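target.txt (compact mmCIF, C-alpha atoms) appears below.
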```
# COMPACT_ATOMS: atom_id res chain seq x y z
CA MET A 1 40.62 122.50 32.43
CA ARG A 2 37.63 122.50 34.73
CA ARG A 3 38.16 121.42 38.33
CA ASP A 4 35.71 118.53 37.85
CA GLN A 5 38.01 117.15 35.15
CA HIS A 6 40.92 116.84 37.59
CA LEU A 7 41.68 113.82 39.70
CA SER A 8 39.69 114.39 42.87
CA SER A 9 40.69 112.43 45.94
CA VAL A 10 38.19 113.78 48.46
CA GLY A 11 34.70 112.52 49.09
CA GLY A 12 34.99 109.23 47.22
CA MET A 13 34.39 110.84 43.84
CA LEU A 14 36.50 108.30 41.97
CA PRO A 15 35.11 104.78 42.49
CA ASP A 16 38.11 103.07 40.91
CA TYR A 17 40.49 104.67 43.40
CA SER A 18 38.17 104.07 46.35
CA THR A 19 37.86 100.38 45.48
CA ALA A 20 41.62 100.07 45.14
CA VAL A 21 42.10 101.58 48.60
CA LEU A 22 39.64 99.14 50.14
CA ARG A 23 41.55 96.20 48.68
CA ARG A 24 44.94 97.55 49.76
CA PRO A 25 46.46 95.58 52.67
CA ARG A 26 47.20 97.48 55.86
CA PRO A 27 50.81 98.78 55.64
CA ARG A 28 53.31 97.39 58.09
CA GLN A 29 54.39 99.89 60.74
CA TYR A 30 58.14 100.33 61.26
CA PHE A 31 59.91 101.95 64.20
CA ALA A 32 63.30 103.57 64.73
CA GLY A 33 63.65 103.10 68.45
CA THR A 34 60.43 104.55 69.86
CA VAL A 35 59.74 106.74 66.81
CA ARG A 36 57.35 105.43 64.18
CA VAL A 37 58.85 105.65 60.70
CA PRO A 38 56.54 107.59 58.34
CA TYR A 39 55.04 105.61 55.48
CA ILE A 40 56.59 107.97 52.90
CA ALA A 41 60.10 107.87 54.41
CA PRO A 42 62.74 106.08 52.31
CA TRP A 43 65.23 103.53 53.58
CA THR A 44 68.94 103.19 52.88
CA GLY A 45 68.22 99.90 51.12
CA GLU A 46 66.03 101.68 48.58
CA ASN A 47 68.81 103.45 46.71
CA ALA A 48 68.27 103.37 42.97
CA PRO A 49 71.10 102.47 40.55
CA PRO A 50 72.10 105.21 38.10
CA ALA A 51 69.83 105.52 35.07
CA THR A 52 70.81 107.00 31.73
CA ILE A 53 68.61 109.91 30.61
CA THR A 54 68.20 110.41 26.88
CA THR A 55 65.77 112.10 24.49
CA ARG A 56 62.63 110.34 23.39
CA LEU A 57 59.83 111.26 20.99
CA GLY A 58 56.48 110.94 22.72
CA ARG A 59 52.85 111.80 22.08
CA GLY A 60 53.38 115.46 22.95
CA GLY A 61 56.72 115.82 21.20
CA MET A 62 60.36 115.41 22.13
CA GLY A 63 61.33 115.09 25.78
CA ILE A 64 63.43 113.06 28.17
CA GLY A 65 63.27 109.31 28.68
CA TYR A 66 65.32 106.42 29.97
CA ALA A 67 67.67 104.66 27.58
CA ASP A 68 66.10 101.38 28.75
CA GLU A 69 62.62 102.74 29.45
CA TYR A 70 59.91 100.24 30.30
CA GLY A 71 57.13 102.10 28.52
CA ILE A 72 53.99 103.21 30.34
CA ALA A 73 55.13 101.68 33.65
CA GLU A 74 57.56 104.55 34.20
CA ARG A 75 55.26 107.35 33.07
CA ARG A 76 52.15 108.91 34.49
CA ARG A 77 50.09 111.58 32.73
CA GLY A 78 52.98 112.24 30.38
CA ALA A 79 55.60 112.67 33.11
CA LEU A 80 58.69 110.46 33.39
CA TRP A 81 59.13 109.36 37.01
CA ILE A 82 62.35 108.84 38.90
CA ARG A 83 63.27 105.22 39.46
CA VAL A 84 63.13 104.18 43.11
CA PRO A 85 63.22 100.62 44.49
CA VAL A 86 60.38 99.68 46.87
CA LYS A 87 61.89 97.86 49.85
CA PRO A 88 60.43 99.39 53.03
CA GLY A 89 62.30 98.22 56.10
CA ALA A 90 65.53 97.53 54.20
CA GLY A 91 68.44 99.17 56.01
CA ALA A 92 67.92 102.30 58.10
CA PRO A 93 65.12 104.87 57.71
CA LEU A 94 65.90 108.32 56.30
CA LEU A 95 63.41 110.34 58.33
CA ASP A 96 64.18 113.68 56.68
CA ARG A 97 63.60 112.45 53.11
CA VAL A 98 60.68 111.29 50.96
CA HIS A 99 60.24 108.10 48.93
CA ALA A 100 59.01 109.24 45.52
CA LEU A 101 56.66 106.36 44.73
CA ARG A 102 55.11 106.08 48.20
CA GLN A 103 54.56 109.84 48.18
CA ARG A 104 52.79 109.53 44.84
CA GLN A 105 50.75 106.60 46.11
CA ALA A 106 49.76 108.55 49.22
CA MET A 107 48.62 111.49 47.08
CA ASN A 108 46.74 109.38 44.54
CA PHE A 109 44.82 107.44 47.18
CA MET A 110 44.77 110.10 49.92
CA LEU A 111 46.72 107.87 52.32
CA CYS A 112 48.20 109.12 55.58
CA GLN A 113 51.85 110.04 55.14
CA TYR A 114 52.64 108.52 58.55
CA CYS A 115 50.70 105.24 58.77
CA GLY A 116 49.80 104.72 55.08
CA ARG A 117 46.09 104.16 55.77
CA PRO A 118 43.16 106.02 54.13
CA THR A 119 42.47 109.46 55.60
CA ASP A 120 38.69 109.11 55.43
CA ASP A 121 38.18 109.27 59.20
CA ARG A 122 36.04 112.44 59.22
CA ARG A 123 32.27 112.47 58.84
CA ASP A 124 32.35 115.73 56.88
CA GLY A 125 34.55 114.16 54.17
CA ARG A 126 37.36 116.66 54.60
CA ARG A 127 41.02 115.67 54.73
CA LEU A 128 43.64 116.95 57.12
CA PHE A 129 46.97 118.30 55.83
CA LEU A 130 49.96 119.51 57.83
CA LEU A 131 51.55 122.20 55.69
CA HIS A 132 54.82 124.03 56.11
CA ALA A 133 53.47 127.49 55.48
CA GLY A 134 56.45 129.55 56.62
CA THR A 135 56.33 132.63 58.79
CA GLY A 136 53.07 134.51 58.48
CA ARG A 137 52.15 133.21 55.02
CA PRO A 138 48.41 132.55 54.74
CA ILE A 139 46.99 129.34 53.29
CA THR A 140 44.94 130.24 50.21
CA ASP A 141 42.49 128.39 47.98
CA GLY A 142 44.39 126.48 45.32
CA GLU A 143 47.37 125.98 47.63
CA LYS A 144 49.83 123.58 45.99
CA THR A 145 51.67 120.99 48.04
CA THR A 146 53.75 117.83 47.78
CA THR A 147 52.88 116.89 51.37
CA PRO A 148 50.32 114.04 51.56
CA PRO A 149 47.42 114.19 54.02
CA VAL A 150 47.49 112.77 57.54
CA CYS A 151 44.86 111.03 59.63
CA GLU A 152 43.87 112.79 62.83
CA GLY A 153 45.43 110.18 65.11
CA CYS A 154 48.80 110.51 63.40
CA ALA A 155 48.49 114.31 63.34
CA VAL A 156 48.23 114.31 67.12
CA GLU A 157 51.28 112.03 67.33
CA ALA A 158 53.23 114.19 64.90
CA ARG A 159 52.40 117.31 66.91
CA GLY A 160 55.10 116.38 69.41
CA ARG A 161 57.84 116.24 66.77
CA PRO A 162 60.07 119.33 66.37
CA SER A 163 59.74 119.14 62.58
CA ALA A 164 55.94 119.37 62.88
CA ARG A 165 56.07 122.36 65.22
CA ARG A 166 58.35 124.49 63.05
CA GLY A 167 56.15 126.57 60.76
CA CYS A 168 53.56 123.81 60.50
CA VAL A 169 49.90 124.66 59.89
CA ALA A 170 47.03 122.17 60.19
CA VAL A 171 44.47 122.60 57.42
CA LEU A 172 41.18 120.81 56.76
CA VAL A 173 40.61 120.52 53.00
CA GLU A 174 37.34 119.96 51.14
CA GLU A 175 38.93 118.93 47.84
CA ALA A 176 42.39 117.93 46.65
CA THR A 177 42.95 117.84 42.89
CA ALA A 178 45.89 116.56 40.86
CA TRP A 179 47.84 119.58 39.62
CA GLY A 180 51.22 118.40 38.37
CA VAL A 181 54.63 117.25 39.55
CA ALA A 182 57.68 118.58 41.32
CA GLY A 183 60.89 117.39 39.78
CA LEU A 184 64.18 118.01 38.07
CA GLY A 185 64.02 119.98 34.84
CA TYR A 186 66.44 119.03 32.06
CA ALA A 187 67.86 121.39 29.45
CA PRO A 188 66.93 120.10 25.95
CA ALA A 189 70.30 121.14 24.48
CA THR A 190 72.56 119.54 27.10
CA LEU A 191 70.31 117.00 28.88
CA ARG A 192 71.65 118.30 32.16
CA PRO A 193 69.50 119.22 35.18
CA VAL A 194 68.76 122.93 35.51
CA PRO A 195 68.31 124.81 38.82
CA GLY A 196 64.79 125.04 40.18
CA GLU A 197 62.85 128.24 40.74
CA HIS A 198 64.22 130.56 43.45
CA GLY A 199 67.09 128.15 44.05
CA GLU A 200 64.77 125.31 45.04
CA ARG A 201 65.80 121.75 44.29
CA PHE A 202 62.59 120.92 42.45
CA THR A 203 60.50 122.83 39.93
CA PHE A 204 56.70 122.67 40.05
CA VAL A 205 55.28 121.85 36.60
CA ALA A 206 51.56 121.56 35.85
CA TYR A 207 50.05 118.72 33.85
CA GLY A 208 49.70 119.95 30.27
CA ASP A 209 52.71 122.28 30.53
CA PRO A 210 55.21 121.64 27.66
CA ARG A 211 58.01 121.61 30.28
CA LEU A 212 56.54 118.38 31.68
CA ARG A 213 58.21 116.42 28.86
CA TRP A 214 61.60 117.67 30.09
CA THR A 215 60.96 117.09 33.79
CA LEU A 216 61.95 114.04 35.82
CA ALA A 217 59.06 113.79 38.28
CA CYS A 218 60.00 113.21 41.93
CA ARG A 219 56.81 114.29 43.74
CA GLU A 220 53.09 114.43 42.97
CA VAL A 221 51.62 117.92 43.45
CA VAL A 222 48.00 118.52 44.41
CA ALA A 223 46.01 121.75 44.67
CA LEU A 224 43.93 122.20 47.82
CA HIS A 225 40.49 123.79 47.77
CA GLY A 226 38.14 124.75 50.56
CA CYS A 227 40.93 125.18 53.11
CA THR A 228 40.25 125.87 56.78
CA VAL A 229 43.13 126.35 59.20
CA VAL A 230 42.56 124.47 62.48
CA ASP A 231 44.30 124.19 65.84
CA LEU A 232 46.07 120.86 66.39
CA GLU A 233 45.31 121.19 70.09
CA ASP A 234 41.59 121.06 69.27
CA LEU A 235 42.20 117.89 67.27
CA ARG A 236 44.10 116.37 70.17
CA GLU A 237 41.23 117.03 72.54
CA ARG A 238 38.69 115.66 70.05
CA THR A 239 40.75 112.51 69.43
CA ALA A 240 41.21 111.93 73.15
CA ALA A 241 37.49 112.34 73.87
```
Since I need it in another form, could you write the structure as structure tokens?
Amino acid sequence: MRRDQHLSSVGGMLPDYSTAVLRRPRPRQYFAGTVRVPYIAPWTGENAPPATITTRLGRGGMGIGYADEYGIAERRRGALWIRVPVKPGAGAPLLDRVHALRQRQAMNFMLCQYCGRPTDDRRDGRRLFLLHAGTGRPITDGEKTTTPPVCEGCAVEARGRPSARRGCVAVLVEEATAWGVAGLGYAPATLRPVPGEHGERFTFVAYGDPRLRWTLACREVVALHGCTVVDLEDLRERTAA
């Protein structure tokens, strides 16, 4: 598939998505003490009740589905999505976890993972991502991530958090395209979850891959193009100016 056939979220190339963002109300900001709760963080009151996974014949063939599936509302691009209630502010925040549907929403509309607002605050049209690149691993074109973008103001705020300092790389991105999902793969014979690659919890599966039918999607994955690593200190100085 050509890159121009993917979902592009940079530069306002999809009018329908841009219009939807403009109509979206400003998300409420929540705090845990003095710490702002990230938009994509889940809350203890958002626990989903158990759902029964079964087999279901779909357009691409046999795959997994819910026993009481609600049709297209629970699928996106052929992937079955995990059920998660949407009740931000209910209970206590889980700062080290990710709410599946708000993560997907942030990726689809290029919303800041911290404040939930559009990340279109740069004149050059690029988006800022804070990526956990690990020790010494370079960021390459086509980098795949489940981490939504961040606006520059929130990036400066996040810079002071220990989690942002550990192996975190700031990257300006020219284009982010929908690639696939990260989720739990199910064995067709047993309908039991199978271990992810390299012992990871989730497996990355591209849209169009036959394994997608047997994957319970938990995160949206995008591919990043035109990546430039930047210094967060430079962003702090520019934001303060």
Proximity to Val173 (chain A) - best of A:Arg97, A:Arg122, A:Arg219, A:Lys87, only C-alpha atoms:
A:Arg122
Top pick for closest residue to Ala176 (chain A), considering A:Thr145, A:Gln29, A:Thr190, A:Thr203 and counting only C-alpha atoms
A:Thr145
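With only C-alpha atoms as the basis for measurement, A:Arg213 is the residue among A:Arg213, A:Leu130, A:Ala41, A:Arg102 that approaches Leu57 (chain A) most closely.
By only C-alpha atoms, and with residues fewer than 4 positions from Cys154 (chain A) along its chain excluded, the set lying at most 9 Å from it is Cys112, Gln113, Tyr114, Cys115, Val150, Ala158 and Arg159 of chain A.
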Could you save those same residues with C-alpha atoms as a PDB file, in the coordinates of the input?
```pdb
ATOM      1  CA  CYS A 112      48.200 109.120  55.580  1.00  0.00           C
ATOM      2  CA  GLN A 113      51.850 110.040  55.140  1.00  0.00           C
ATOM      3  CA  TYR A 114      52.640 108.520  58.550  1.00  0.00           C
ATOM      4  CA  CYS A 115      50.700 105.240  58.770  1.00  0.00           C
ATOM      5  CA  VAL A 150      47.490 112.770  57.540  1.00  0.00           C
ATOM      6  CA  ALA A 158      53.230 114.190  64.900  1.00  0.00           C
ATOM      7  CA  ARG A 159      52.400 117.310  66.910  1.00  0.00           C
TER       8      ARG A 159
END
```
Determine the nearest neighbour of His225 (chain A) from the options A:Pro188, A:Pro50, A:Pro193, A:Gly142, counting all atoms listed in the file.
A:Gly142
All residues 12 Å or closer to Tyr70 (chain A), only C-alpha atoms, same chain fewer than 4 positions away omitted, as a list in words
Gly65, Tyr66, Glu74, Arg75, Leu80, Trp81 and Arg83 of chain A
Those same residues, written as an mmCIF file, keeping the file's coordinate frame with C-alpha atoms?
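Okay, this is what ended up in part11.cif:
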```
data_model
loop_
_atom_site.group_PDB
_atom_site.id
_atom_site.type_symbol
_atom_site.label_atom_id
_atom_site.label_comp_id
_atom_site.auth_asym_id
_atom_site.auth_seq_id
_atom_site.Cartn_x
_atom_site.Cartn_y
_atom_site.Cartn_z
ATOM 1 C CA GLY A 65 63.270 109.310 28.680
ATOM 2 C CA TYR A 66 65.320 106.420 29.970
ATOM 3 C CA GLU A 74 57.560 104.550 34.200
ATOM 4 C CA ARG A 75 55.260 107.350 33.070
ATOM 5 C CA LEU A 80 58.690 110.460 33.390
ATOM 6 C CA TRP A 81 59.130 109.360 37.010
ATOM 7 C CA ARG A 83 63.270 105.220 39.460
#
```
Fewer than 2 positions away in the same chain doesn't count, so skip those; otherwise give me all residues within 8 Å of Thr146 (chain A), counting only C-alpha atoms, as a PyMOL selection string.
chain A and resi 144+148+182+219-222
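Of note, CA of Tyr186 (chain A) and CA of Met110 (chain A) are spaced 29.5 Å apart.
Between Ala48 (chain A) and the candidates A:Phe129, A:Asp141, A:Ile82, A:Val169, the tightest atom-to-atom separation, counting only C-alpha atoms, involves A:Ile82.
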Which residues are close to Pro85 (chain A), i.e. within 12 Å by all atoms listed in the file, leaving aside same-chain residues fewer than 4 positions away? Reply as a PyMOL selection string.
chain A and resi 42-50+89-90+99-102
Next, dump the selected residues to file, keeping only C-alpha atoms, as a compact mmCIF listing (two decimals), in the coordinates of the input.
```
# COMPACT_ATOMS: atom_id res chain seq x y z
CA PRO A 42 62.74 106.08 52.31
CA TRP A 43 65.23 103.53 53.58
CA THR A 44 68.94 103.19 52.88
CA GLY A 45 68.22 99.90 51.12
CA GLU A 46 66.03 101.68 48.58
CA ASN A 47 68.81 103.45 46.71
CA ALA A 48 68.27 103.37 42.97
CA PRO A 49 71.10 102.47 40.55
CA PRO A 50 72.10 105.21 38.10
CA GLY A 89 62.30 98.22 56.10
CA ALA A 90 65.53 97.53 54.20
CA HIS A 99 60.24 108.10 48.93
CA ALA A 100 59.01 109.24 45.52
CA LEU A 101 56.66 106.36 44.73
CA ARG A 102 55.11 106.08 48.20
```
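Distance-wise, CA of Arg56 (chain A) and CA of Pro195 (chain A) end up 21.9 Å apart.
Here CA of Ala223 (chain A) and CA of Pro38 (chain A) stand 22.3 Å from one another.
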From the set A:Ala170, A:Ala51, A:Ala106, A:Met62, which residue has the shortest atom-to-atom contact distance to Thr228 (chain A), counting all atoms listed in the file?
A:Ala170
